[in-house]
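The structure appears right after this line, and notes come after that.
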Amino acid sequence: MVAGLVPSAKISAQTNGQAAQNPNNIPYDLSLTGITGSLKTRLEELSILIKDKKSPPRSYGALRARLERDLKTFEKALRSEGYYNASISHQIDSSQSPVAITMRIFTGKQYKIDLVDLAFPGVLPEETVVEALKAAMTLAPGDPARAEDIVLAETAILATLPRLGYPLARTATRHVVIDHDTDSARITYRFDTGPAMRFGDVRFDGLETIKEGYLRRLVPWESGAPYDQAQVETFRRTLISSRLFGSVRIQFSDPLADLRTHTEPIAPEMKITVIETDQRTISLGAGFSTSEGFGGDATWEHRNFFGASERLTLTARIAEIEQSLVADIRKPNFLRRDQYLTGRVGAIREDTDAFDSLELNIRAGLDRAIGRYWQFGVATDLSFTDVEENDERRTFLLAALPLSATFDNRDSVLDPTYGLYARLAIAPHLAEQSGFFSFYKTAFDASSYLPLDKDKDILLAARVAVGSIIGAENERLPANRRFFSGGGGSVRGFGFQDVGPLAEDGQPLGGRSLFEASFEARFRIGEDFGVVPFIDVGEVTESTTPRFGDLRWGAGLGFRYYTSFAPIRVDIATPINRRPGDNRIQFYISLGQSF
């Protein structure tokens, strides 16, 4: 056994003996003792001996070079963790094969922060700003004197200063004093804040078709207000999310070097440079299922119809069960920020097993976003509906006042991997058909997504929907206002609208209550493919509330091909409690996840 580094003569002797056994390399094992947990893991990750173990050195000199590199690396790493009195002893046992290398680490006491001080050699901020900076600091007396934490605290202060009116702030110096007598560290951060700033005038460059007056109304700050970088970033995100600009740059008109020469508060001009994108889009979509047949739609969208980000969308759909032409318009920031005026005019023809209908519809609504995830809406809806059911034709005039509340923090609409979506809609209706009558339609829909690994390749997804109609009997309601279930968007395995009560000839009748639930396990295989086993359950009844006495279950297996836009979905399903007349297999193809 040889302690420490092996003497050169001994190395030579051992090398010759080793060469007789293996002339090409010197295999070895490394053992770290005296430490456990995350500290040991970190040192093992830094070790050259461990990293290059599969390529053993050809001489003891090369082995000693690796050892010395590890010693220096470990000492530096221990200091960065606050162990300023740490020591390392080592042994090399060349009589073993592989050679046994042991490092014993004595960490000593972890030093603590004794004092954190802020200094401003140039412009001295107001006391309220200094107090806000101290509150934002991520380091306090008593914390371990870790180098990473010391740097992060400085970064936190630099990130806070631009939000408090000092966008030109930069670090002057960082001074750390280690006191070995008290096992502590004292830290002084010095910041060159630059002048205090207020928002000045705003100038837009690069506008072509978008009205400058509309963008000025979106500016979240008032001229003369204290500068706040958070508001600048919010405005930039607002412009980018409008899909009107390919590039947005917000900066001061004057050079930063000139601005830093000021010592008194200033209000420089803000220059907003934009590059507009193409504002028109044409998109096509298609789908197929054994129960609903083929279907396709074409959409034309203009995202700046009147020059103030108004979005006009024309959608034509042709399918075996539906043909429609709908025009939607959405005006953002109507009367106030985060409020949208919406309108719709449409003609929809449906030809299903349950009914045939032709509906002309006009709608106007107001939606308001509250915070980041909530949205509330109110609308007025007028419809002329001609419905043929059981060889009887009826014509309805309908007026509705839909109210809705939506929570949505999903990361994607077509392929969510985490988050929650929930929507409650209540729609009072006044109808005229051989006299006036009224009814209330309520629907709640929620879905949730839980990733089981950090890459989100394994995901659990669940959906539940309930609905109720009160105020009119089932037969009195227009057929296209009743609840139906079954098909690719609800209970897979059953035909379109086939879940629920059926007439004697097997035609769906629909109902006044709805219950649906779906559960999926989504497995992504590589970059492009996925497999999704699923189970669905649903019920439609003529009562006003679900009874859970005639649940229909469907199960199957889905396949996904992931594109840059959304996954292509292929689902194969079968009804578990099949009734006479139900097909054994249903097949669905569409774009996007099922929910």
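Residue numbering restarts at 1 in every chain; chains get A, B, ... in the order shown in the structure tokens, and ligands count up from 1 in that same order.
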
request  = Find the spatial neighbours of Phe306 (chain A), counting only C-alpha atoms, within a cut-off of 9 Å - ignore same-chain residues fewer than 4 positions away - and output them as a PyMOL selection string.
outcome  = chain A and resi 210-211+310-311

query = What lies within 9 Å of Phe595 (chain A) using only C-alpha atoms, ignoring chain neighbours under 6 positions off, as a list in words?
reply = Val413, Leu414, Asp415, Pro416, Ser447, Ala461, Ala462, Arg463, Gly489 and Ser518 of chain A

message = Counting only C-alpha atoms, which residue out of A:Ile572, A:Ile50, A:Leu39, A:Ile362 sits closest to Leu78 (chain A)?
response =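 Under the stated criterion, the closest residue is A:Leu39.
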
key: Atom-to-atom span, CA of Ser383 (chain A) and CA of Thr406 (chain A), Å   = 24.2 Å

Pick out the residues sitting within 12 Å of Ala369 (chain A), and hand them over as a PDB file with N, CA, C and O atoms, in the first residue's frame; count only C-alpha atoms, and ignore anything fewer than 5 positions along from it in its own chain.
ATOM      1  N   PRO A 332     -60.201  42.672 -31.256  1.00  0.00           N
ATOM      2  CA  PRO A 332     -59.557  42.656 -29.941  1.00  0.00           C
ATOM      3  C   PRO A 332     -59.531  44.039 -29.300  1.00  0.00           C
ATOM      4  O   PRO A 332     -59.669  45.067 -29.965  1.00  0.00           O
ATOM      5  N   ASN A 333     -59.370  44.026 -27.982  1.00  0.00           N
ATOM      6  CA  ASN A 333     -59.212  45.266 -27.203  1.00  0.00           C
ATOM      7  C   ASN A 333     -60.339  46.256 -27.496  1.00  0.00           C
ATOM      8  O   ASN A 333     -60.105  47.456 -27.682  1.00  0.00           O
ATOM      9  N   PHE A 334     -61.547  45.752 -27.511  1.00  0.00           N
ATOM     10  CA  PHE A 334     -62.715  46.571 -27.794  1.00  0.00           C
ATOM     11  C   PHE A 334     -63.100  47.350 -26.536  1.00  0.00           C
ATOM     12  O   PHE A 334     -63.429  46.764 -25.504  1.00  0.00           O
ATOM     13  N   ARG A 336     -61.703  48.400 -24.143  1.00  0.00           N
ATOM     14  CA  ARG A 336     -60.689  48.276 -23.103  1.00  0.00           C
ATOM     15  C   ARG A 336     -59.775  47.107 -23.455  1.00  0.00           C
ATOM     16  O   ARG A 336     -60.089  46.276 -24.307  1.00  0.00           O
ATOM     17  N   ARG A 337     -58.617  47.083 -22.816  1.00  0.00           N
ATOM     18  CA  ARG A 337     -57.668  45.998 -23.061  1.00  0.00           C
ATOM     19  C   ARG A 337     -58.254  44.669 -22.599  1.00  0.00           C
ATOM     20  O   ARG A 337     -59.030  44.603 -21.650  1.00  0.00           O
ATOM     21  N   ASP A 338     -57.865  43.588 -23.296  1.00  0.00           N
ATOM     22  CA  ASP A 338     -58.278  42.231 -22.953  1.00  0.00           C
ATOM     23  C   ASP A 338     -59.785  42.027 -23.068  1.00  0.00           C
ATOM     24  O   ASP A 338     -60.362  41.172 -22.388  1.00  0.00           O
ATOM     25  N   GLN A 339     -60.441  42.795 -23.921  1.00  0.00           N
ATOM     26  CA  GLN A 339     -61.861  42.601 -24.168  1.00  0.00           C
ATOM     27  C   GLN A 339     -62.072  42.483 -25.675  1.00  0.00           C
ATOM     28  O   GLN A 339     -61.499  43.251 -26.447  1.00  0.00           O
ATOM     29  N   TYR A 340     -62.903  41.529 -26.079  1.00  0.00           N
ATOM     30  CA  TYR A 340     -63.044  41.213 -27.490  1.00  0.00           C
ATOM     31  C   TYR A 340     -64.513  41.284 -27.900  1.00  0.00           C
ATOM     32  O   TYR A 340     -65.391  40.743 -27.227  1.00  0.00           O
ATOM     33  N   LEU A 341     -64.767  41.932 -29.022  1.00  0.00           N
ATOM     34  CA  LEU A 341     -66.085  41.934 -29.629  1.00  0.00           C
ATOM     35  C   LEU A 341     -66.098  40.860 -30.706  1.00  0.00           C
ATOM     36  O   LEU A 341     -65.209  40.814 -31.562  1.00  0.00           O
ATOM     37  N   TRP A 374     -58.240  33.015 -17.252  1.00  0.00           N
ATOM     38  CA  TRP A 374     -59.694  33.058 -17.208  1.00  0.00           C
ATOM     39  C   TRP A 374     -60.252  33.890 -18.358  1.00  0.00           C
ATOM     40  O   TRP A 374     -59.686  34.917 -18.739  1.00  0.00           O
ATOM     41  N   GLN A 375     -61.402  33.465 -18.866  1.00  0.00           N
ATOM     42  CA  GLN A 375     -62.119  34.243 -19.863  1.00  0.00           C
ATOM     43  C   GLN A 375     -63.624  34.093 -19.634  1.00  0.00           C
ATOM     44  O   GLN A 375     -64.117  32.986 -19.412  1.00  0.00           O
ATOM     45  N   PHE A 376     -64.328  35.213 -19.690  1.00  0.00           N
ATOM     46  CA  PHE A 376     -65.775  35.230 -19.487  1.00  0.00           C
ATOM     47  C   PHE A 376     -66.425  35.816 -20.730  1.00  0.00           C
ATOM     48  O   PHE A 376     -65.878  36.727 -21.365  1.00  0.00           O
ATOM     49  N   GLY A 377     -67.617  35.301 -21.067  1.00  0.00           N
ATOM     50  CA  GLY A 377     -68.271  35.751 -22.279  1.00  0.00           C
ATOM     51  C   GLY A 377     -69.770  35.878 -22.120  1.00  0.00           C
ATOM     52  O   GLY A 377     -70.399  35.172 -21.329  1.00  0.00           O
ATOM     53  N   SER A 404     -70.747  32.304 -20.528  1.00  0.00           N
ATOM     54  CA  SER A 404     -69.705  31.279 -20.388  1.00  0.00           C
ATOM     55  C   SER A 404     -68.576  31.768 -19.496  1.00  0.00           C
ATOM     56  O   SER A 404     -68.320  32.968 -19.378  1.00  0.00           O
ATOM     57  N   ALA A 405     -67.915  30.803 -18.873  1.00  0.00           N
ATOM     58  CA  ALA A 405     -66.705  31.052 -18.091  1.00  0.00           C
ATOM     59  C   ALA A 405     -65.718  29.935 -18.415  1.00  0.00           C
ATOM     60  O   ALA A 405     -66.079  28.755 -18.374  1.00  0.00           O
ATOM     61  N   THR A 406     -64.487  30.307 -18.752  1.00  0.00           N
ATOM     62  CA  THR A 406     -63.489  29.336 -19.188  1.00  0.00           C
ATOM     63  C   THR A 406     -62.187  29.539 -18.435  1.00  0.00           C
ATOM     64  O   THR A 406     -61.714  30.668 -18.281  1.00  0.00           O
ATOM     65  N   PHE A 407     -61.618  28.422 -17.974  1.00  0.00           N
ATOM     66  CA  PHE A 407     -60.262  28.414 -17.409  1.00  0.00           C
ATOM     67  C   PHE A 407     -59.401  27.523 -18.288  1.00  0.00           C
ATOM     68  O   PHE A 407     -59.770  26.379 -18.579  1.00  0.00           O
ATOM     69  N   ASP A 408     -58.248  28.024 -18.710  1.00  0.00           N
ATOM     70  CA  ASP A 408     -57.401  27.262 -19.627  1.00  0.00           C
ATOM     71  C   ASP A 408     -55.938  27.606 -19.391  1.00  0.00           C
ATOM     72  O   ASP A 408     -55.490  28.703 -19.703  1.00  0.00           O
TER      73      ASP A 408
END

Using only C-alpha atoms: which of A:Ser448, A:Gly486, A:Arg476, A:Gly467 has the shortest distance to Phe436 (chain A) =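 Among A:Ser448, A:Gly486, A:Arg476, A:Gly467, it is A:Arg476 that comes nearest to Phe436 (chain A).
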
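Within 8 Å of Asp550 (chain A), once only C-alpha atoms are used and residues closer than 3 positions along the same chain are dropped, the contacting residues are Gly500, Glu539 and Arg547 of chain A.
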
message = To test your reading of the structure, identify every residue in region 266-459 of chain A that backbone DSSP assigns to strand (DSSP E), and report it as JSON, numbers by chain.
response = {"A": [270, 271, 272, 273, 274, 275, 276, 280, 281, 282, 283, 284, 285, 286, 287, 288, 289, 293, 294, 295, 296, 297, 298, 299, 300, 301, 302, 311, 312, 313, 314, 315, 316, 317, 318, 319, 322, 323, 324, 325, 326, 327, 328, 329, 330, 331, 339, 340, 341, 342, 343, 344, 345, 346, 347, 348, 349, 350, 351, 356, 357, 358, 359, 360, 361, 362, 363, 364, 365, 366, 367, 368, 369, 370, 374, 375, 376, 377, 378, 379, 380, 381, 382, 383, 384, 385, 386, 387, 388, 389, 392, 393, 394, 395, 396, 397, 398, 399, 400, 403, 404, 405, 406, 407, 408, 419, 420, 421, 422, 423, 424, 425, 426, 427, 428, 429, 430, 431, 432, 436, 437, 438, 439, 440, 441, 442, 443, 444, 445, 446, 447, 448, 449, 450, 451, 458, 459]}

ask   = What lies within 9 Å of Glu154 (chain A) using only C-alpha atoms, ignoring chain neighbours under 3 positions off, as a VMD selection string?
value = chain A and resid 137 to 138 149 to 151 157 to 159 171 174 189

Include N, CA and C atoms and write out the residues we just selected as a short mmCIF file (atom, residue, chain, number, x, y, z; two decimals), in the first residue's frame.
data_model
loop_
_atom_site.label_atom_id
_atom_site.label_comp_id
_atom_site.auth_asym_id
_atom_site.auth_seq_id
_atom_site.Cartn_x
_atom_site.Cartn_y
_atom_site.Cartn_z
N MET A 137 -33.66 40.13 -2.96
CA MET A 137 -32.45 39.33 -2.87
C MET A 137 -32.77 37.90 -2.45
N THR A 138 -32.09 36.96 -3.05
CA THR A 138 -32.30 35.55 -2.74
C THR A 138 -31.27 35.04 -1.73
N ASP A 149 -25.14 30.49 -5.23
CA ASP A 149 -26.17 31.33 -4.61
C ASP A 149 -25.75 32.79 -4.58
N ILE A 150 -24.45 33.03 -4.37
CA ILE A 150 -23.95 34.40 -4.34
C ILE A 150 -24.11 35.05 -5.71
N VAL A 151 -23.83 34.31 -6.77
CA VAL A 151 -23.99 34.84 -8.12
C VAL A 151 -25.46 35.02 -8.45
N ILE A 157 -30.84 40.84 -8.33
CA ILE A 157 -30.86 42.29 -8.14
C ILE A 157 -30.79 43.00 -9.49
N LEU A 158 -29.93 42.50 -10.39
CA LEU A 158 -29.83 43.11 -11.71
C LEU A 158 -31.13 42.98 -12.49
N ALA A 159 -31.87 41.89 -12.27
CA ALA A 159 -33.16 41.72 -12.94
C ALA A 159 -34.23 42.61 -12.34
N THR A 171 -23.44 45.60 -12.91
CA THR A 171 -22.62 45.33 -11.73
C THR A 171 -21.31 46.10 -11.83
N ARG A 174 -18.21 42.79 -7.19
CA ARG A 174 -18.75 41.89 -6.16
C ARG A 174 -17.58 41.51 -5.26
N TYR A 189 -22.17 43.85 -2.71
CA TYR A 189 -22.46 44.04 -4.13
C TYR A 189 -22.45 45.54 -4.43
#

request  = Determine, counting only C-alpha atoms, which protein, DNA and RNA residues have an atom within 12 Å of an atom of Lys54 (chain A); residues of the same chain fewer than 2 positions away are not included. Present the result as a ChimeraX atom specification.
outcome  = /A:25-29,48-52,56-57

ask   = Can you tell me, as a PyMOL selection string, what residues are no more than 7 Å from Gly493 (chain A) when counting only C-alpha atoms, ignoring any on the same chain fewer than 3 positions away?
value = chain A and resi 487+554-555+573-575+585-586

key: Residue list (alpha helix (DSSP H), DSSP) for region 182-262 of chain A, as a ChimeraX atom specification   = /A:212-218,229-241,256-259

query = So how many Å separate CA of Pro220 (chain A) and CA of Val202 (chain A), to one decimal?
reply = 11.5 Å

key: Pick from A:Glu208, A:Asp143, A:Asp582, A:Asp453, whichever lies nearest to Thr273 (chain A) using only C-alpha atoms   = A:Glu208

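Here CA of Gln229 (chain A) is placed at a distance of 15.6 Å from CA of Asp201 (chain A).
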
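Each of A:Leu366, A:Leu335, A:Met103, A:Leu124 was checked against Gly194 (chain A) using only C-alpha atoms; the smallest atom-to-atom distance is that of A:Leu124.
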
remark   = Between A:Tyr440, A:Phe106, A:Phe288, A:Phe305, smallest distance to Leu591 (chain A) by only C-alpha atoms belongs to A:Phe288
